[in-house]
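Participant: Please find protein_18.cif (mmCIF, C-alpha atoms) on the next line:
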```cif
data_target
loop_
_atom_site.label_atom_id
_atom_site.label_comp_id
_atom_site.auth_asym_id
_atom_site.auth_seq_id
_atom_site.Cartn_x
_atom_site.Cartn_y
_atom_site.Cartn_z
CA MET A 112 0.00 0.00 0.00
CA SER A 113 1.12 3.55 -0.63
CA PRO A 114 2.03 5.80 2.30
CA GLU A 115 -1.11 7.80 1.60
CA LYS A 116 -3.35 4.73 1.91
CA LEU A 117 -1.63 3.80 5.17
CA GLY A 118 -2.18 7.32 6.45
CA GLN A 119 1.58 7.92 6.60
CA HIS A 120 2.89 11.47 6.76
CA PHE A 121 6.56 11.47 7.71
CA LEU A 122 7.95 14.18 9.97
CA ALA A 123 10.68 15.24 7.56
CA ASP A 124 11.53 18.68 8.97
CA ALA A 125 14.58 18.30 11.25
CA SER A 126 13.79 21.44 13.23
CA TRP A 127 10.35 20.11 14.10
CA GLN A 128 11.83 16.73 14.99
CA GLU A 129 14.12 18.46 17.47
CA ARG A 130 11.36 20.65 18.86
CA ILE A 131 9.16 17.63 19.49
CA ALA A 132 11.99 15.65 21.10
CA SER A 133 12.75 18.62 23.37
CA ALA A 134 9.11 19.03 24.37
CA PHE A 135 9.06 15.91 26.52
CA ARG A 136 11.67 14.17 28.62
CA ILE A 137 13.14 11.05 27.03
CA ASP A 138 14.25 9.07 30.05
CA ASP A 139 16.49 6.01 30.19
CA GLY A 140 13.63 3.55 30.53
CA VAL A 141 11.68 1.50 28.00
CA TRP A 142 10.04 3.32 25.09
CA ILE A 143 7.58 2.05 22.50
CA GLU A 144 7.38 4.02 19.26
CA VAL A 145 4.22 3.65 17.18
CA GLY A 146 4.68 4.18 13.46
CA ALA A 147 8.46 4.54 13.36
CA GLY A 148 8.53 5.27 9.62
CA HIS A 149 12.01 6.16 8.41
CA GLY A 150 13.28 6.49 11.98
CA GLU A 151 12.80 10.24 12.10
CA MET A 152 12.39 10.11 15.89
CA THR A 153 13.73 6.63 16.61
CA THR A 154 17.35 7.76 16.69
CA ARG A 155 16.54 10.50 19.19
CA LEU A 156 14.80 7.96 21.42
CA ALA A 157 17.65 5.46 21.05
CA ARG A 158 20.28 7.94 22.20
CA ARG A 159 18.72 8.23 25.65
CA ALA A 160 16.40 5.27 26.26
CA ARG A 161 17.54 1.96 27.67
CA LYS A 162 15.33 0.07 25.22
CA VAL A 163 13.25 1.14 22.21
CA PHE A 164 10.65 -1.00 20.47
CA ALA A 165 9.98 0.65 17.11
CA ILE A 166 6.71 -0.60 15.60
CA GLU A 167 6.26 -0.25 11.85
CA LEU A 168 3.62 -1.90 9.67
CA ASP A 169 5.14 -1.26 6.21
CA PRO A 170 7.58 -4.14 5.43
CA ARG A 171 9.77 -1.92 3.24
CA LEU A 172 10.10 0.71 5.91
CA ALA A 173 10.73 -1.91 8.58
CA ARG A 174 13.60 -3.43 6.56
CA ARG A 175 15.17 -0.02 6.00
CA LEU A 176 14.68 0.89 9.64
CA ARG A 177 16.61 -2.17 10.77
CA ASP A 178 19.56 -1.01 8.65
CA VAL A 179 19.36 2.55 9.94
CA MET A 180 19.15 1.38 13.55
CA ALA A 181 21.95 -1.18 13.25
CA PRO A 182 24.37 1.04 15.28
CA TYR A 183 21.87 1.03 18.16
CA PRO A 184 21.67 -2.41 19.84
CA ASN A 185 19.00 -1.08 22.21
CA VAL A 186 16.49 -0.75 19.34
CA ALA A 187 14.22 -3.61 18.28
CA VAL A 188 12.17 -3.08 15.11
CA ILE A 189 8.75 -4.74 15.35
CA GLU A 190 7.14 -5.29 11.95
CA SER A 191 3.49 -5.47 12.90
CA ASP A 192 0.10 -3.84 12.98
CA VAL A 193 0.13 -1.86 16.23
CA LEU A 194 -3.36 -3.11 17.07
CA ALA A 195 -2.02 -6.66 17.10
CA VAL A 196 0.85 -5.88 19.49
CA ASP A 197 0.65 -6.98 23.12
CA PHE A 198 2.27 -3.96 24.75
CA GLY A 199 2.52 -5.56 28.17
CA LYS A 200 4.29 -8.63 26.79
CA LEU A 201 6.53 -6.52 24.56
CA ALA A 202 7.82 -4.55 27.55
CA SER A 203 8.17 -7.77 29.59
CA GLY A 204 5.91 -6.41 32.29
CA ALA A 205 8.02 -3.29 32.85
CA HIS A 206 6.76 0.26 32.87
CA PHE A 207 7.18 2.05 29.56
CA SER A 208 6.55 5.35 27.78
CA VAL A 209 5.07 5.82 24.31
CA TYR A 210 5.83 8.12 21.42
CA GLY A 211 4.11 7.93 18.07
CA SER A 212 2.98 9.75 14.97
CA LEU A 213 -0.42 8.17 14.50
CA PRO A 214 -2.33 7.74 11.24
CA TYR A 215 -5.35 9.97 11.51
CA TYR A 216 -7.91 7.30 10.70
CA ILE A 217 -6.79 4.95 13.47
CA THR A 218 -5.95 7.31 16.34
CA SER A 219 -8.87 6.29 18.55
CA PRO A 220 -8.36 2.49 18.31
CA ILE A 221 -4.65 2.89 19.10
CA LEU A 222 -5.38 5.04 22.14
CA HIS A 223 -7.88 2.46 23.39
CA ARG A 224 -5.25 -0.27 23.06
CA LEU A 225 -2.75 1.83 25.00
CA PHE A 226 -5.26 2.63 27.73
CA GLU A 227 -5.63 -1.10 28.33
CA HIS A 228 -2.08 -0.96 29.71
CA VAL A 229 -2.31 2.44 31.37
CA ASP A 230 -1.16 1.12 34.77
CA ARG A 231 2.23 0.33 33.22
CA ILE A 232 2.56 3.46 31.09
CA ASP A 233 4.46 6.45 32.44
CA ALA A 234 3.44 8.86 29.67
CA ILE A 235 2.14 8.97 26.10
CA HIS A 236 3.29 11.59 23.58
CA ILE A 237 1.68 11.45 20.15
CA VAL A 238 1.45 13.53 17.00
CA ILE A 239 -2.11 13.49 15.66
CA GLN A 240 -4.55 15.54 13.64
CA PHE A 241 -5.26 18.81 15.45
CA GLU A 242 -9.02 18.34 15.18
CA VAL A 243 -8.76 15.02 17.02
CA ALA A 244 -6.42 16.57 19.60
CA ALA A 245 -9.02 19.27 20.26
CA ARG A 246 -11.65 16.59 20.90
CA ILE A 247 -9.37 14.77 23.31
CA VAL A 248 -8.72 17.79 25.54
CA ALA A 249 -12.16 19.43 25.17
CA PRO A 250 -13.88 20.40 28.43
CA PRO A 251 -17.56 19.70 29.15
CA GLY A 252 -19.96 22.00 27.37
CA ARG A 253 -17.99 22.16 24.15
CA ARG A 254 -19.39 20.73 20.91
CA ASP A 255 -16.26 18.63 20.42
CA TYR A 256 -16.53 17.10 23.92
CA GLY A 257 -17.55 13.48 23.51
CA TYR A 258 -16.73 9.87 24.27
CA LEU A 259 -13.08 10.22 23.19
CA SER A 260 -12.72 13.23 25.51
CA VAL A 261 -14.12 11.32 28.49
CA VAL A 262 -12.15 8.12 27.95
CA SER A 263 -8.90 10.06 27.44
CA GLN A 264 -9.45 12.24 30.50
CA TRP A 265 -10.53 9.24 32.56
CA PHE A 266 -7.27 7.39 32.03
CA THR A 267 -4.90 10.35 31.61
CA ASN A 268 -4.44 14.10 31.87
CA PRO A 269 -4.07 15.11 28.19
CA GLU A 270 -2.80 18.46 26.94
CA ILE A 271 -1.96 19.93 23.55
CA VAL A 272 1.71 20.91 23.67
CA PHE A 273 1.75 22.77 20.34
CA GLN A 274 0.42 22.70 16.80
CA ILE A 275 2.51 21.41 13.89
CA PRO A 276 1.99 22.79 10.37
CA PRO A 277 1.38 20.53 7.35
CA GLY A 278 4.72 21.62 5.86
CA ALA A 279 6.62 19.74 8.56
CA PHE A 280 5.56 16.45 6.94
CA ARG A 281 6.18 14.64 3.68
CA PRO A 282 3.78 14.25 2.03
CA PRO A 283 2.10 17.21 3.75
CA PRO A 284 -1.35 16.39 5.15
CA LYS A 285 -4.29 18.61 4.31
CA VAL A 286 -4.79 19.55 7.96
CA ALA A 287 -2.74 20.82 10.90
CA SER A 288 -1.36 18.39 13.45
CA ALA A 289 -0.53 18.65 17.13
CA LEU A 290 1.72 17.08 19.72
CA VAL A 291 -0.41 15.81 22.59
CA SER A 292 1.02 14.62 25.90
CA PHE A 293 -1.04 12.25 28.05
CA LEU A 294 0.25 12.36 31.62
CA MET A 295 -0.75 10.01 34.41
CA PRO A 296 -2.95 9.70 36.34
CA GLY A 297 -6.32 10.73 34.97
CA ALA A 298 -9.65 11.18 36.72
CA ARG A 299 -9.80 7.49 37.60
CA ALA A 300 -7.29 8.10 40.40
CA LYS A 301 -9.92 10.15 42.27
CA HIS A 302 -12.93 8.09 41.25
CA PRO A 303 -11.99 4.38 41.37
CA LEU A 304 -14.55 2.03 39.85
CA VAL A 305 -14.94 -1.71 40.18
CA ASP A 306 -15.79 -2.31 36.52
CA GLU A 307 -14.09 0.15 34.17
CA ALA A 308 -15.13 -1.74 31.04
CA ALA A 309 -18.80 -1.42 32.00
CA PHE A 310 -18.24 2.27 32.80
CA LEU A 311 -16.81 2.96 29.34
CA ASP A 312 -19.74 1.14 27.74
CA PHE A 313 -22.05 3.31 29.82
CA VAL A 314 -20.32 6.52 28.66
CA LYS A 315 -20.54 5.35 25.06
CA GLU A 316 -24.25 4.76 25.57
CA CYS A 317 -24.66 8.28 26.97
CA PHE A 318 -23.13 9.72 23.80
CA ALA A 319 -24.97 7.31 21.48
CA GLN A 320 -26.85 10.15 19.79
CA LYS A 321 -25.27 13.48 20.70
CA ARG A 322 -28.23 15.56 19.53
CA LYS A 323 -30.51 13.78 21.98
CA THR A 324 -30.72 14.51 25.68
CA LEU A 325 -29.12 12.17 28.17
CA ARG A 326 -32.63 11.22 29.25
CA ASN A 327 -33.43 9.90 25.78
CA ASN A 328 -30.11 8.07 25.40
CA LEU A 329 -30.53 6.27 28.74
CA ARG A 330 -34.22 5.44 28.39
CA VAL A 331 -33.47 1.96 27.00
CA ARG A 332 -31.40 1.17 30.08
CA LEU A 333 -33.45 2.95 32.76
CA GLY A 334 -36.97 2.90 31.36
CA THR A 335 -39.51 4.84 33.45
CA ARG A 336 -36.91 5.56 36.13
CA THR A 337 -34.77 7.69 33.83
CA GLU A 338 -35.88 11.14 35.00
CA GLU A 339 -35.95 10.05 38.64
CA THR A 340 -32.35 8.84 38.40
CA LEU A 341 -31.10 12.02 36.70
CA LEU A 342 -32.78 14.21 39.32
CA GLU A 343 -31.34 12.09 42.12
CA ALA A 344 -27.90 12.64 40.55
CA GLY A 345 -28.50 16.41 40.62
CA LEU A 346 -28.81 16.66 36.83
CA ALA A 347 -31.38 18.63 34.86
CA ARG A 348 -33.96 16.56 32.97
CA ASP A 349 -32.85 18.11 29.66
CA VAL A 350 -29.10 17.75 30.21
CA ARG A 351 -27.03 16.34 27.35
CA ALA A 352 -24.06 14.05 27.72
CA GLU A 353 -21.62 16.80 26.69
CA GLY A 354 -22.71 18.76 29.78
CA LEU A 355 -21.34 16.21 32.27
CA THR A 356 -17.86 16.23 33.75
CA VAL A 357 -15.90 13.00 33.89
CA ALA A 358 -16.55 12.85 37.64
CA GLN A 359 -20.30 13.21 37.05
CA PHE A 360 -20.23 10.33 34.56
CA ALA A 361 -18.53 8.15 37.18
CA ALA A 362 -21.02 9.13 39.87
CA LEU A 363 -24.02 8.55 37.60
CA PHE A 364 -22.66 5.17 36.55
CA GLU A 365 -22.22 4.07 40.16
CA MET A 366 -25.75 5.21 40.97
CA VAL A 367 -27.23 3.29 38.05
CA ARG A 368 -25.10 0.25 38.80
CA GLY A 369 -26.01 0.34 42.48
CA LYS A 370 -29.70 0.36 41.70
CA LYS A 371 -29.24 -2.61 39.34
CA ILE A 372 -31.84 -1.16 37.02
#
```
In structure tokens, write the structure found in this file.

Facilitator:
Amino acid sequence: MSPEKLGQHFLADASWQERIASAFRIDDGVWIEVGAGHGEMTTRLARRARKVFAIELDPRLARRLRDVMAPYPNVAVIESDVLAVDFGKLASGAHFSVYGSLPYYITSPILHRLFEHVDRIDAIHIVIQFEVAARIVAPPGRRDYGYLSVVSQWFTNPEIVFQIPPGAFRPPPKVASALVSFLMPGARAKHPLVDEAAFLDFVKECFAQKRKTLRNNLRVRLGTRTEETLLEAGLARDVRAEGLTVAQFAALFEMVRGKKI
């Protein structure tokens, strides 16, 4: 497949490579790089990290990357689809940090895979489409606040470090990008839940149809007790999902779960 079909836009500008590398601390631990490409950032990681696992799907790029990284015995090139990688097994159970330039069309699935191992991740730093970055960090009440915002802010504390112009990449994308840092912990540290998987399903259900009120989205689950439950939670009957904070989602979930409706 061509780089365009794989969603590949390589960070070719050396000044931007250096700016990104300087924006977060590359420690001497274990690092996993998602979408290593030509090794634009792999070398910078290898110079400081104890171990780097560079994941690359394109077989041609992976072969070339092995040659480029030959002087660095601490780098292992993993030719694989990132969604098929067992991050915990790859890092042998150790804590690790993540850097990646993610294809725009697969950002959300990759983040979900990483969040499965969040207890072993020290930090995540990714370059993604700016529009997606804005959704991730959006506060309640904003139109772009949605399920991805809640799940990201539940597991981590995400922030946009800076925007990156299309000209920094080859081929240049049609949109601006951004470096986003996900620091630990997220809201879950203050609101521990017994069943996180069920909580995330609940949040997804709340955002099922964003134009509808939360009351309408939860009616299938709660039936005639929908309004009663929302009022008990201190929420207006016409509130929409985008009006709830992450903490309010957790509290509402526990209330619904406790009632076993």

Participant: Would you write out, as a ChimeraX atom specification, every residue that the PyMOL selection byres ((chain A and resi 187) around 10) captures in this file?

Facilitator: /A:143,162-166,176-177,180-181,183-186,188-190

Participant: Looking at only C-alpha atoms, which of A:Ile247, A:Val367, A:Leu213, A:Ala132 is the one that sits closest to His120 in chain A?

Facilitator: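 Among A:Ile247, A:Val367, A:Leu213, A:Ala132, it is A:Leu213 that comes nearest to His120 in chain A.
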
Participant: In the coordinates of the file, take the point (-27.6, 14.8, 40.9) and a cut-off of 12 Å; then, counting only C-alpha atoms, name each qualifying protein, DNA or RNA residue as a PDB file with C-alpha atoms, keeping the file's coordinate frame.

Facilitator:
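Listing of point.pdb after writing:
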```pdb
ATOM      1  CA  GLU A 338     -35.880  11.140  35.000  1.00  0.00           C
ATOM      2  CA  GLU A 339     -35.950  10.050  38.640  1.00  0.00           C
ATOM      3  CA  THR A 340     -32.350   8.840  38.400  1.00  0.00           C
ATOM      4  CA  LEU A 341     -31.100  12.020  36.700  1.00  0.00           C
ATOM      5  CA  LEU A 342     -32.780  14.210  39.320  1.00  0.00           C
ATOM      6  CA  GLU A 343     -31.340  12.090  42.120  1.00  0.00           C
ATOM      7  CA  ALA A 344     -27.900  12.640  40.550  1.00  0.00           C
ATOM      8  CA  GLY A 345     -28.500  16.410  40.620  1.00  0.00           C
ATOM      9  CA  LEU A 346     -28.810  16.660  36.830  1.00  0.00           C
ATOM     10  CA  ALA A 347     -31.380  18.630  34.860  1.00  0.00           C
ATOM     11  CA  ARG A 348     -33.960  16.560  32.970  1.00  0.00           C
ATOM     12  CA  VAL A 350     -29.100  17.750  30.210  1.00  0.00           C
ATOM     13  CA  LEU A 355     -21.340  16.210  32.270  1.00  0.00           C
ATOM     14  CA  ALA A 358     -16.550  12.850  37.640  1.00  0.00           C
ATOM     15  CA  GLN A 359     -20.300  13.210  37.050  1.00  0.00           C
ATOM     16  CA  PHE A 360     -20.230  10.330  34.560  1.00  0.00           C
ATOM     17  CA  ALA A 361     -18.530   8.150  37.180  1.00  0.00           C
ATOM     18  CA  ALA A 362     -21.020   9.130  39.870  1.00  0.00           C
ATOM     19  CA  LEU A 363     -24.020   8.550  37.600  1.00  0.00           C
ATOM     20  CA  PHE A 364     -22.660   5.170  36.550  1.00  0.00           C
ATOM     21  CA  MET A 366     -25.750   5.210  40.970  1.00  0.00           C
ATOM     22  CA  VAL A 367     -27.230   3.290  38.050  1.00  0.00           C
TER      23      VAL A 367
END
```

Participant: Please provide as a ChimeraX atom specification all residues within 7 Å of Ala279 in chain A, with the sequence filter that same-chain residues fewer than 6 positions apart are discarded (counting all atoms listed in the file).

Facilitator: /A:122-124,127

Participant: Take the residues just selected and output them with C-alpha atoms as a short mmCIF file (atom, residue, chain, number, x, y, z; two decimals), keeping the file's coordinate frame.

Facilitator:
```cif
data_model
loop_
_atom_site.label_atom_id
_atom_site.label_comp_id
_atom_site.auth_asym_id
_atom_site.auth_seq_id
_atom_site.Cartn_x
_atom_site.Cartn_y
_atom_site.Cartn_z
CA LEU A 122 7.95 14.18 9.97
CA ALA A 123 10.68 15.24 7.56
CA ASP A 124 11.53 18.68 8.97
CA TRP A 127 10.35 20.11 14.10
#
```

Participant: Do you have the CA of Ala249 in chain A-CA of Ile232 in chain A distance handy?

Facilitator: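 CA of Ile232 in chain A lies at a distance of 22.5 Å from CA of Ala249 in chain A.
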
Participant: Please enumerate the residues selected by the PyMOL selection byres ((chain A and resi 192-194) around 12) when evaluated against the supplied file, formatted as a PyMOL selection string.

Facilitator: chain A and resi 117+143-147+164-170+173+189-191+195-198+201+211+213-214+217-225+227

Participant: Could the residues in this selection be saved with C-alpha atoms as a compact mmCIF listing (two decimals), in the frame of the given file?

Facilitator:
```
# COMPACT_ATOMS: atom_id res chain seq x y z
CA LEU A 117 -1.63 3.80 5.17
CA ILE A 143 7.58 2.05 22.50
CA GLU A 144 7.38 4.02 19.26
CA VAL A 145 4.22 3.65 17.18
CA GLY A 146 4.68 4.18 13.46
CA ALA A 147 8.46 4.54 13.36
CA PHE A 164 10.65 -1.00 20.47
CA ALA A 165 9.98 0.65 17.11
CA ILE A 166 6.71 -0.60 15.60
CA GLU A 167 6.26 -0.25 11.85
CA LEU A 168 3.62 -1.90 9.67
CA ASP A 169 5.14 -1.26 6.21
CA PRO A 170 7.58 -4.14 5.43
CA ALA A 173 10.73 -1.91 8.58
CA ILE A 189 8.75 -4.74 15.35
CA GLU A 190 7.14 -5.29 11.95
CA SER A 191 3.49 -5.47 12.90
CA ALA A 195 -2.02 -6.66 17.10
CA VAL A 196 0.85 -5.88 19.49
CA ASP A 197 0.65 -6.98 23.12
CA PHE A 198 2.27 -3.96 24.75
CA LEU A 201 6.53 -6.52 24.56
CA GLY A 211 4.11 7.93 18.07
CA LEU A 213 -0.42 8.17 14.50
CA PRO A 214 -2.33 7.74 11.24
CA ILE A 217 -6.79 4.95 13.47
CA THR A 218 -5.95 7.31 16.34
CA SER A 219 -8.87 6.29 18.55
CA PRO A 220 -8.36 2.49 18.31
CA ILE A 221 -4.65 2.89 19.10
CA LEU A 222 -5.38 5.04 22.14
CA HIS A 223 -7.88 2.46 23.39
CA ARG A 224 -5.25 -0.27 23.06
CA LEU A 225 -2.75 1.83 25.00
CA GLU A 227 -5.63 -1.10 28.33
```

Participant: Can you tell me, as a PDB file with C-alpha atoms, keeping the file's coordinate frame, which residues sit within 8 Å of (14.3, 11.1, 8.8) in the file's frame, using only C-alpha atoms?

Facilitator:
```
ATOM      1  CA  PHE A 121       6.560  11.470   7.710  1.00  0.00           C
ATOM      2  CA  LEU A 122       7.950  14.180   9.970  1.00  0.00           C
ATOM      3  CA  ALA A 123      10.680  15.240   7.560  1.00  0.00           C
ATOM      4  CA  ALA A 125      14.580  18.300  11.250  1.00  0.00           C
ATOM      5  CA  HIS A 149      12.010   6.160   8.410  1.00  0.00           C
ATOM      6  CA  GLY A 150      13.280   6.490  11.980  1.00  0.00           C
ATOM      7  CA  GLU A 151      12.800  10.240  12.100  1.00  0.00           C
ATOM      8  CA  MET A 152      12.390  10.110  15.890  1.00  0.00           C
TER       9      MET A 152
END
```

Participant: So which one's closest to Pro276 in chain A, A:Ala160, A:Ile239, A:Val141, A:Val331? Using only C-alpha atoms, please.

Facilitator: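 Comparing A:Ala160, A:Ile239, A:Val141, A:Val331 against Pro276 in chain A, the winner is A:Ile239.
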
Participant: Looking at all atoms listed in the file, which of A:Glu307, A:Asp312, A:Asp255, A:Glu270 is the one that sits closest to Phe226 in chain A?

Facilitator: A:Glu307

Participant: Suppose you want the space between CA of Ile131 in chain A and CA of Arg254 in chain A; what is it in Å?

Facilitator: 28.8 Å

Participant: Record the distance separating CA of Arg159 in chain A and CA of Gly140 in chain A, expressed in Å with one decimal.

Facilitator: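 So the two atoms, CA of Arg159 in chain A and CA of Gly140 in chain A, lie 8.5 Å apart.
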
Participant: Find the residues near range 284-295 of chain A: any atom within 6 Å, counting only C-alpha atoms, skip ones fewer than 4 places away on the same chain, and give them as a list in words.

Facilitator: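 Final neighbour list, sorted by chain and number: Ala234, Ile235, His236, Ile237, Val238, Ile239, Gln240, Phe241, Thr267, Asn268, Pro269, Glu270, Ile271, Val272, Phe273, Gln274, Ile275, Pro276 and Pro277 of chain A.
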
Participant: Leaving out Cys317 in chain A and any residue of its chain fewer than 6 positions from it, which residues lie within 10 Å of it when counting all atoms listed in the file, given as a list in words?

Facilitator: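 Answer for this query is Gly257, Tyr258, Leu311, Lys323, Thr324, Leu325, Arg326, Asn327, Asn328, Leu329, Arg351, Ala352, Glu353 and Phe360 of chain A.
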
Participant: Show me, as number ranges by chain, the residues that have an atom within 10 Å of Thr356 in chain A when counting all atoms listed in the file, minus same-chain residues fewer than 6 positions from it.

Facilitator: A: 250-252, 256, 261, 264, 362

Participant: Return the padded bounding box of range 198-204 of chain A as AutoDock Vina command-line options: axis-aligned, built from all atoms listed in the file, 4 Å added on each side, with centre and edge lengths in Å to one decimal.

Facilitator:
```
--center_x 5.2 --center_y -6.3 --center_z 28.4 --size_x 13.9 --size_y 12.7 --size_z 15.7
```

Participant: Under the rule that all atoms listed in the file are counted, which of A:Ser260, A:Phe135, A:Pro282, A:Ala308 is the nearest residue to Ala245 in chain A?

Facilitator: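 That would be A:Ser260, the residue with the smallest distance to Ala245 in chain A.
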
Participant: Starting from the block above, write range 206-223 of chain A out to a file with N, CA, C and O atoms, as an mmCIF file, in the first residue's frame, please.

Facilitator:
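Below is the file selection.cif, written as the result:
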```cif
data_model
loop_
_atom_site.group_PDB
_atom_site.id
_atom_site.type_symbol
_atom_site.label_atom_id
_atom_site.label_comp_id
_atom_site.auth_asym_id
_atom_site.auth_seq_id
_atom_site.Cartn_x
_atom_site.Cartn_y
_atom_site.Cartn_z
ATOM 1 N N HIS A 206 7.390 -1.002 33.229
ATOM 2 C CA HIS A 206 6.758 0.262 32.866
ATOM 3 C C HIS A 206 7.406 0.784 31.582
ATOM 4 O O HIS A 206 8.587 0.533 31.327
ATOM 5 N N PHE A 207 6.630 1.529 30.805
ATOM 6 C CA PHE A 207 7.176 2.055 29.562
ATOM 7 C C PHE A 207 6.488 3.363 29.209
ATOM 8 O O PHE A 207 5.431 3.707 29.744
ATOM 9 N N SER A 208 7.115 4.115 28.313
ATOM 10 C CA SER A 208 6.552 5.353 27.776
ATOM 11 C C SER A 208 6.316 5.155 26.287
ATOM 12 O O SER A 208 6.912 4.264 25.663
ATOM 13 N N VAL A 209 5.467 5.988 25.709
ATOM 14 C CA VAL A 209 5.074 5.818 24.313
ATOM 15 C C VAL A 209 5.263 7.129 23.551
ATOM 16 O O VAL A 209 4.918 8.201 24.047
ATOM 17 N N TYR A 210 5.836 7.008 22.366
ATOM 18 C CA TYR A 210 5.831 8.122 21.416
ATOM 19 C C TYR A 210 5.311 7.574 20.092
ATOM 20 O O TYR A 210 5.598 6.426 19.728
ATOM 21 N N GLY A 211 4.573 8.390 19.370
ATOM 22 C CA GLY A 211 4.107 7.933 18.067
ATOM 23 C C GLY A 211 3.547 9.056 17.229
ATOM 24 O O GLY A 211 3.059 10.064 17.747
ATOM 25 N N SER A 212 3.652 8.885 15.930
ATOM 26 C CA SER A 212 2.982 9.748 14.965
ATOM 27 C C SER A 212 1.891 8.888 14.360
ATOM 28 O O SER A 212 2.165 8.003 13.538
ATOM 29 N N LEU A 213 0.659 9.102 14.804
ATOM 30 C CA LEU A 213 -0.419 8.168 14.499
ATOM 31 C C LEU A 213 -1.177 8.517 13.231
ATOM 32 O O LEU A 213 -1.516 9.686 13.013
ATOM 33 N N PRO A 214 -1.463 7.511 12.403
ATOM 34 C CA PRO A 214 -2.328 7.745 11.244
ATOM 35 C C PRO A 214 -3.669 8.284 11.725
ATOM 36 O O PRO A 214 -4.233 7.806 12.707
ATOM 37 N N TYR A 215 -4.170 9.281 11.033
ATOM 38 C CA TYR A 215 -5.351 9.972 11.507
ATOM 39 C C TYR A 215 -6.566 9.053 11.641
ATOM 40 O O TYR A 215 -7.366 9.193 12.556
ATOM 41 N N TYR A 216 -6.696 8.110 10.714
ATOM 42 C CA TYR A 216 -7.907 7.304 10.696
ATOM 43 C C TYR A 216 -7.945 6.250 11.795
ATOM 44 O O TYR A 216 -8.983 5.619 12.016
ATOM 45 N N ILE A 217 -6.851 6.031 12.494
ATOM 46 C CA ILE A 217 -6.791 4.954 13.471
ATOM 47 C C ILE A 217 -6.349 5.440 14.847
ATOM 48 O O ILE A 217 -6.004 4.644 15.718
ATOM 49 N N THR A 218 -6.390 6.745 15.065
ATOM 50 C CA THR A 218 -5.954 7.309 16.344
ATOM 51 C C THR A 218 -6.729 6.738 17.523
ATOM 52 O O THR A 218 -6.145 6.292 18.518
ATOM 53 N N SER A 219 -8.053 6.740 17.434
ATOM 54 C CA SER A 219 -8.874 6.288 18.553
ATOM 55 C C SER A 219 -8.637 4.820 18.912
ATOM 56 O O SER A 219 -8.442 4.496 20.091
ATOM 57 N N PRO A 220 -8.632 3.891 17.952
ATOM 58 C CA PRO A 220 -8.360 2.489 18.306
ATOM 59 C C PRO A 220 -6.992 2.287 18.960
ATOM 60 O O PRO A 220 -6.854 1.479 19.881
ATOM 61 N N ILE A 221 -5.986 3.022 18.509
ATOM 62 C CA ILE A 221 -4.654 2.885 19.105
ATOM 63 C C ILE A 221 -4.662 3.383 20.544
ATOM 64 O O ILE A 221 -4.091 2.752 21.448
ATOM 65 N N LEU A 222 -5.299 4.517 20.774
ATOM 66 C CA LEU A 222 -5.379 5.036 22.144
ATOM 67 C C LEU A 222 -6.096 4.044 23.064
ATOM 68 O O LEU A 222 -5.668 3.814 24.205
ATOM 69 N N HIS A 223 -7.162 3.447 22.576
ATOM 70 C CA HIS A 223 -7.877 2.458 23.394
ATOM 71 C C HIS A 223 -6.980 1.274 23.741
ATOM 72 O O HIS A 223 -7.015 0.775 24.869
#
```
